Structure formats: structure tokens, C-alpha cells
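K.L.:
One file: protein_38.pdb (PDB, C-alpha atoms).
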ATOM      1  CA  MET Q   1     -16.161  77.183 -52.820  1.00  0.00           C
ATOM      2  CA  ILE Q   2     -17.976  74.843 -55.192  1.00  0.00           C
ATOM      3  CA  LEU Q   3     -19.116  76.092 -58.601  1.00  0.00           C
ATOM      4  CA  GLU Q   4     -21.505  73.989 -60.613  1.00  0.00           C
ATOM      5  CA  GLY Q   5     -22.494  74.609 -64.198  1.00  0.00           C
ATOM      6  CA  LYS Q   6     -23.052  73.191 -67.647  1.00  0.00           C
ATOM      7  CA  VAL Q   7     -20.419  72.597 -70.303  1.00  0.00           C
ATOM      8  CA  VAL Q   8     -20.835  74.910 -73.310  1.00  0.00           C
ATOM      9  CA  SER Q   9     -18.916  75.419 -76.531  1.00  0.00           C
ATOM     10  CA  GLY Q  10     -16.378  78.196 -76.613  1.00  0.00           C
ATOM     11  CA  MET Q  11     -14.935  80.438 -79.290  1.00  0.00           C
ATOM     12  CA  GLY Q  12     -11.488  78.817 -79.401  1.00  0.00           C
ATOM     13  CA  ASN Q  13      -9.576  81.989 -78.494  1.00  0.00           C
ATOM     14  CA  PHE Q  14      -7.821  80.660 -75.408  1.00  0.00           C
ATOM     15  CA  SER Q  15      -6.489  77.618 -77.284  1.00  0.00           C
ATOM     16  CA  TYR Q  16      -4.510  79.947 -79.548  1.00  0.00           C
ATOM     17  CA  TRP Q  17      -3.250  82.089 -76.684  1.00  0.00           C
ATOM     18  CA  ILE Q  18      -2.325  79.208 -74.380  1.00  0.00           C
ATOM     19  CA  GLU Q  19      -0.258  77.637 -77.142  1.00  0.00           C
ATOM     20  CA  LYS Q  20       1.351  80.947 -78.104  1.00  0.00           C
ATOM     21  CA  LEU Q  21       2.123  81.887 -74.487  1.00  0.00           C
ATOM     22  CA  LEU Q  22       2.792  78.399 -73.114  1.00  0.00           C
ATOM     23  CA  PRO Q  23       6.095  79.297 -71.396  1.00  0.00           C
ATOM     24  CA  TYR Q  24       4.380  82.153 -69.537  1.00  0.00           C
ATOM     25  CA  TYR Q  25       1.452  79.991 -68.413  1.00  0.00           C
ATOM     26  CA  THR Q  26       3.828  77.199 -67.378  1.00  0.00           C
ATOM     27  CA  GLN Q  27       5.914  79.636 -65.339  1.00  0.00           C
ATOM     28  CA  LYS Q  28       2.810  81.058 -63.614  1.00  0.00           C
ATOM     29  CA  THR Q  29       1.057  77.747 -62.909  1.00  0.00           C
ATOM     30  CA  GLY Q  30       3.863  75.196 -62.724  1.00  0.00           C
ATOM     31  CA  VAL Q  31       1.850  73.112 -65.195  1.00  0.00           C
ATOM     32  CA  ARG Q  32       2.144  72.673 -68.948  1.00  0.00           C
ATOM     33  CA  LEU Q  33      -1.439  73.524 -69.907  1.00  0.00           C
ATOM     34  CA  PHE Q  34      -3.271  71.826 -72.760  1.00  0.00           C
ATOM     35  CA  PRO Q  35      -3.940  74.493 -75.426  1.00  0.00           C
ATOM     36  CA  GLY Q  36      -7.650  74.929 -74.866  1.00  0.00           C
ATOM     37  CA  THR Q  37     -10.189  75.517 -72.137  1.00  0.00           C
ATOM     38  CA  LEU Q  38     -13.415  73.947 -70.991  1.00  0.00           C
ATOM     39  CA  ASN Q  39     -16.151  76.566 -70.934  1.00  0.00           C
ATOM     40  CA  VAL Q  40     -18.713  76.248 -68.160  1.00  0.00           C
ATOM     41  CA  GLN Q  41     -21.958  78.239 -67.930  1.00  0.00           C
ATOM     42  CA  LEU Q  42     -22.789  78.980 -64.294  1.00  0.00           C
ATOM     43  CA  PRO Q  43     -26.329  79.780 -63.144  1.00  0.00           C
ATOM     44  CA  ASP Q  44     -25.108  83.018 -61.527  1.00  0.00           C
ATOM     45  CA  ALA Q  45     -22.327  85.514 -62.185  1.00  0.00           C
ATOM     46  CA  TRP Q  46     -19.011  84.638 -60.551  1.00  0.00           C
ATOM     47  CA  SER Q  47     -16.360  87.199 -59.650  1.00  0.00           C
ATOM     48  CA  LEU Q  48     -12.689  86.570 -59.131  1.00  0.00           C
ATOM     49  CA  PRO Q  49     -11.454  86.018 -55.582  1.00  0.00           C
ATOM     50  CA  ALA Q  50      -9.258  88.664 -53.967  1.00  0.00           C
ATOM     51  CA  ARG Q  51      -6.013  86.777 -54.615  1.00  0.00           C
ATOM     52  CA  VAL Q  52      -5.251  85.460 -58.076  1.00  0.00           C
ATOM     53  CA  ILE Q  53      -2.178  84.616 -60.117  1.00  0.00           C
ATOM     54  CA  ARG Q  54      -1.660  87.246 -62.816  1.00  0.00           C
ATOM     55  CA  LEU Q  55      -0.254  87.057 -66.314  1.00  0.00           C
ATOM     56  CA  GLU Q  56       0.199  90.733 -67.051  1.00  0.00           C
ATOM     57  CA  GLY Q  57      -0.073  91.895 -70.629  1.00  0.00           C
ATOM     58  CA  HIS Q  58       3.206  93.806 -70.419  1.00  0.00           C
ATOM     59  CA  GLU Q  59       4.995  90.508 -69.690  1.00  0.00           C
ATOM     60  CA  TYR Q  60       4.380  89.425 -73.278  1.00  0.00           C
ATOM     61  CA  ASP Q  61       4.030  92.801 -75.019  1.00  0.00           C
ATOM     62  CA  SER Q  62       0.228  92.947 -75.012  1.00  0.00           C
ATOM     63  CA  HIS Q  63      -2.592  94.905 -73.428  1.00  0.00           C
ATOM     64  CA  VAL Q  64      -4.494  91.749 -72.347  1.00  0.00           C
ATOM     65  CA  SER Q  65      -3.923  90.554 -68.777  1.00  0.00           C
ATOM     66  CA  VAL Q  66      -5.205  87.205 -67.536  1.00  0.00           C
ATOM     67  CA  ASN Q  67      -6.269  86.175 -64.035  1.00  0.00           C
ATOM     68  CA  ILE Q  68      -5.442  82.585 -63.098  1.00  0.00           C
ATOM     69  CA  VAL Q  69      -7.336  80.914 -60.270  1.00  0.00           C
ATOM     70  CA  PRO Q  70      -6.283  77.455 -59.011  1.00  0.00           C
ATOM     71  CA  CYS Q  71      -9.158  74.987 -58.818  1.00  0.00           C
ATOM     72  CA  THR Q  72      -9.977  71.321 -59.246  1.00  0.00           C
ATOM     73  CA  ILE Q  73     -12.464  69.612 -61.516  1.00  0.00           C
ATOM     74  CA  ASN Q  74     -13.290  66.048 -60.434  1.00  0.00           C
ATOM     75  CA  ASP Q  75     -10.162  66.121 -58.217  1.00  0.00           C
ATOM     76  CA  LEU Q  76      -7.935  67.047 -61.188  1.00  0.00           C
ATOM     77  CA  PRO Q  77      -5.825  70.186 -60.612  1.00  0.00           C
ATOM     78  CA  ALA Q  78      -6.856  72.936 -63.020  1.00  0.00           C
ATOM     79  CA  PHE Q  79      -7.066  76.707 -63.385  1.00  0.00           C
ATOM     80  CA  ILE Q  80      -9.849  79.146 -64.137  1.00  0.00           C
ATOM     81  CA  LEU Q  81      -8.610  81.688 -66.684  1.00  0.00           C
ATOM     82  CA  ARG Q  82     -10.355  85.036 -67.023  1.00  0.00           C
ATOM     83  CA  THR Q  83      -9.172  88.163 -68.789  1.00  0.00           C
ATOM     84  CA  ASP Q  84      -9.522  91.531 -67.109  1.00  0.00           C
ATOM     85  CA  ALA Q  85     -11.989  92.523 -69.846  1.00  0.00           C
ATOM     86  CA  ASN Q  86     -14.255  89.564 -69.056  1.00  0.00           C
ATOM     87  CA  GLU Q  87     -14.044  90.298 -65.346  1.00  0.00           C
ATOM     88  CA  ARG Q  88     -15.160  93.864 -66.067  1.00  0.00           C
ATOM     89  CA  GLU Q  89     -17.928  92.503 -68.337  1.00  0.00           C
ATOM     90  CA  ARG Q  90     -16.398  94.186 -71.380  1.00  0.00           C
ATOM     91  CA  GLY Q  91     -15.008  91.026 -72.979  1.00  0.00           C
ATOM     92  CA  HIS Q  92     -16.337  88.129 -75.001  1.00  0.00           C
ATOM     93  CA  HIS Q  93     -17.958  86.335 -72.056  1.00  0.00           C
ATOM     94  CA  PRO Q  94     -20.335  87.356 -69.284  1.00  0.00           C
ATOM     95  CA  LYS Q  95     -19.347  86.595 -65.697  1.00  0.00           C
ATOM     96  CA  THR Q  96     -21.541  83.495 -65.817  1.00  0.00           C
ATOM     97  CA  ILE Q  97     -18.955  81.805 -68.075  1.00  0.00           C
ATOM     98  CA  ILE Q  98     -15.740  80.402 -66.650  1.00  0.00           C
ATOM     99  CA  GLU Q  99     -12.925  78.907 -68.713  1.00  0.00           C
ATOM    100  CA  ILE Q 100     -10.976  76.046 -67.178  1.00  0.00           C
ATOM    101  CA  ALA Q 101      -7.506  74.954 -68.280  1.00  0.00           C
ATOM    102  CA  ALA Q 102      -5.600  71.864 -67.184  1.00  0.00           C
ATOM    103  CA  SER Q 103      -2.701  69.688 -68.286  1.00  0.00           C
ATOM    104  CA  LEU Q 104      -4.995  67.680 -70.552  1.00  0.00           C
ATOM    105  CA  LYS Q 105      -8.064  68.117 -72.709  1.00  0.00           C
ATOM    106  CA  LEU Q 106     -10.852  68.098 -70.123  1.00  0.00           C
ATOM    107  CA  ARG Q 107     -13.641  67.250 -72.605  1.00  0.00           C
ATOM    108  CA  ASP Q 108     -11.862  64.078 -73.685  1.00  0.00           C
ATOM    109  CA  HIS Q 109     -10.539  63.066 -70.269  1.00  0.00           C
ATOM    110  CA  PHE Q 110     -13.956  63.276 -68.599  1.00  0.00           C
ATOM    111  CA  HIS Q 111     -16.002  62.397 -71.736  1.00  0.00           C
ATOM    112  CA  LEU Q 112     -17.882  65.691 -71.538  1.00  0.00           C
ATOM    113  CA  ARG Q 113     -20.366  67.111 -74.014  1.00  0.00           C
ATOM    114  CA  ASP Q 114     -22.254  70.375 -74.154  1.00  0.00           C
ATOM    115  CA  GLY Q 115     -24.971  70.347 -71.506  1.00  0.00           C
ATOM    116  CA  ASP Q 116     -23.147  68.025 -69.082  1.00  0.00           C
ATOM    117  CA  THR Q 117     -22.950  69.284 -65.501  1.00  0.00           C
ATOM    118  CA  VAL Q 118     -19.546  69.723 -63.851  1.00  0.00           C
ATOM    119  CA  ARG Q 119     -18.417  70.756 -60.389  1.00  0.00           C
ATOM    120  CA  ILE Q 120     -15.398  72.936 -59.863  1.00  0.00           C
ATOM    121  CA  GLU Q 121     -13.809  73.495 -56.468  1.00  0.00           C
ATOM    122  CA  VAL Q 122     -12.035  76.817 -56.109  1.00  0.00           C
ATOM    123  CA  GLU Q 123      -9.250  76.852 -53.558  1.00  0.00           C
ATOM    124  CA  PRO Q 124      -9.847  79.255 -50.681  1.00  0.00           C
ATOM    125  CA  ASN Q 125      -7.709  82.410 -50.522  1.00  0.00           C
TER
END
Kindly return the structure encoded in the file as C-alpha cells.
P.N.:
Amino acid sequence: MILEGKVVSGMGNFSYWIEKLLPYYTQKTGVRLFPGTLNVQLPDAWSLPARVIRLEGHEYDSHVSVNIVPCTINDLPAFILRTDANERERGHHPKTIIEIAASLKLRDHFHLRDGDTVRIEVEPN
């Protein structure tokens, strides 16, 4: 599945949590994620696929669980991160926003600015 959308500024929340929970994210993904995500505004709402990697809140003494979906952006392996609250449309983002994490800072690596179009390929289940 190909998702296409525009780069938008985020709130900076995931950067804090990725850094704080780096060992958990590394264990789940096999990748040391850069502490931050690239936010992408899709034209339509996107729901999680049936199978996702889960970082359960109880694993790190929290009530926030995160869904992790492998993907690629410009052939670079990455992950879509979405909290359960955002998936239920009770969080900080609507389902038209996806947050992408990778081993490096995607904005810098791909020279992206707000408004630039990106394509994300989500691996099939």
C-alpha cells in the first residue's frame, strides 16, 4: 500500500518518548530510532493494518500503548508510530496524520520542509 501526503510540523511529543523509551523501541523494531518523527498529513484517514508490532503501556509502566507499522520512505526502512488514542481518534492527531520514525532524522536526510510531498510504502500483512 502506498500512502502519499504532505510533511507538516508536529508537537514534539514522540521525540521525548522515543528517547526515553529507546531500549523498548529498539527491541521491538531492531533499529535504534532517531528521537523524533516526521509528521505526514494524508488526504484521507488511514487506519492501522490488522497486524502491527505493539509497545504495550504496561511494558514501561504507562497507560499509553503504541502501534508500530513497518514501512519505507524513499526506500529507507522506517516505522509508522500511532498511539491507541490516536487510532481511536481520541488523541492529539486525527487519523489523517501519520508519524514516521527511522534510524535518522528524516527531514534532514531527505531535505524536507513543511508542504513537501512524500510517499510511504506500508508492508503488506
K.L.:
Using all atoms listed in the file, which residues sit within 7 Å of segment 11-19 of chain Q once same-chain residues fewer than 6 positions away are excluded, as JSON, numbers by chain?
P.N.:
{"Q": [35, 36, 37]}
K.L.:
Write out, as an mmCIF file, in the coordinates of the input, the residues just selected, with C-alpha atoms.
P.N.:
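Final output, result-v6.cif:
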data_model
loop_
_atom_site.group_PDB
_atom_site.id
_atom_site.type_symbol
_atom_site.label_atom_id
_atom_site.label_comp_id
_atom_site.auth_asym_id
_atom_site.auth_seq_id
_atom_site.Cartn_x
_atom_site.Cartn_y
_atom_site.Cartn_z
ATOM 1 C CA PRO Q 35 -3.940 74.493 -75.426
ATOM 2 C CA GLY Q 36 -7.650 74.929 -74.866
ATOM 3 C CA THR Q 37 -10.189 75.517 -72.137
#
K.L.:
From the options Q:Gly57, Q:Pro124, Q:Gly115, Q:Pro94, which residue's atoms come nearest to Pro70 of chain Q, counting all atoms listed in the file?
P.N.:
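Under the stated criterion, the closest residue is Q:Pro124.
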K.L.:
Residues at most 6 Å from segment 65-69 of chain Q, counting all atoms listed in the file, excluding those fewer than 3 positions away in the same chain, as a PyMOL selection string?
P.N.:
chain Q and resi 52-57+79-84
K.L.:
So, with all atoms listed in the file as the atoms that count, which of Q:Ser103, Q:Ser9, Q:Ser62, Q:Thr117 lies closest to Arg32 of chain Q?
P.N.:
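Among the listed residues, the smallest separation from Arg32 of chain Q belongs to Q:Ser103.
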K.L.:
Hey, can you check how far atom CA of Tyr25 of chain Q sits from atom CA of Ile120 of chain Q?
P.N.:
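So the two atoms, atom CA of Tyr25 of chain Q and atom CA of Ile120 of chain Q, lie 20.2 Å apart.
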K.L.:
One decimal, Å: what's the distance from atom CA of Gln41 of chain Q over to atom CA of Phe110 of chain Q, could you say?
P.N.:
17.0 Å
K.L.:
Select, from Q:Cys71, Q:Leu38, Q:Val31, Q:Leu104, the residue with the minimum atom-to-atom distance to Gly5 of chain Q, counting only C-alpha atoms.
P.N.:
Q:Leu38
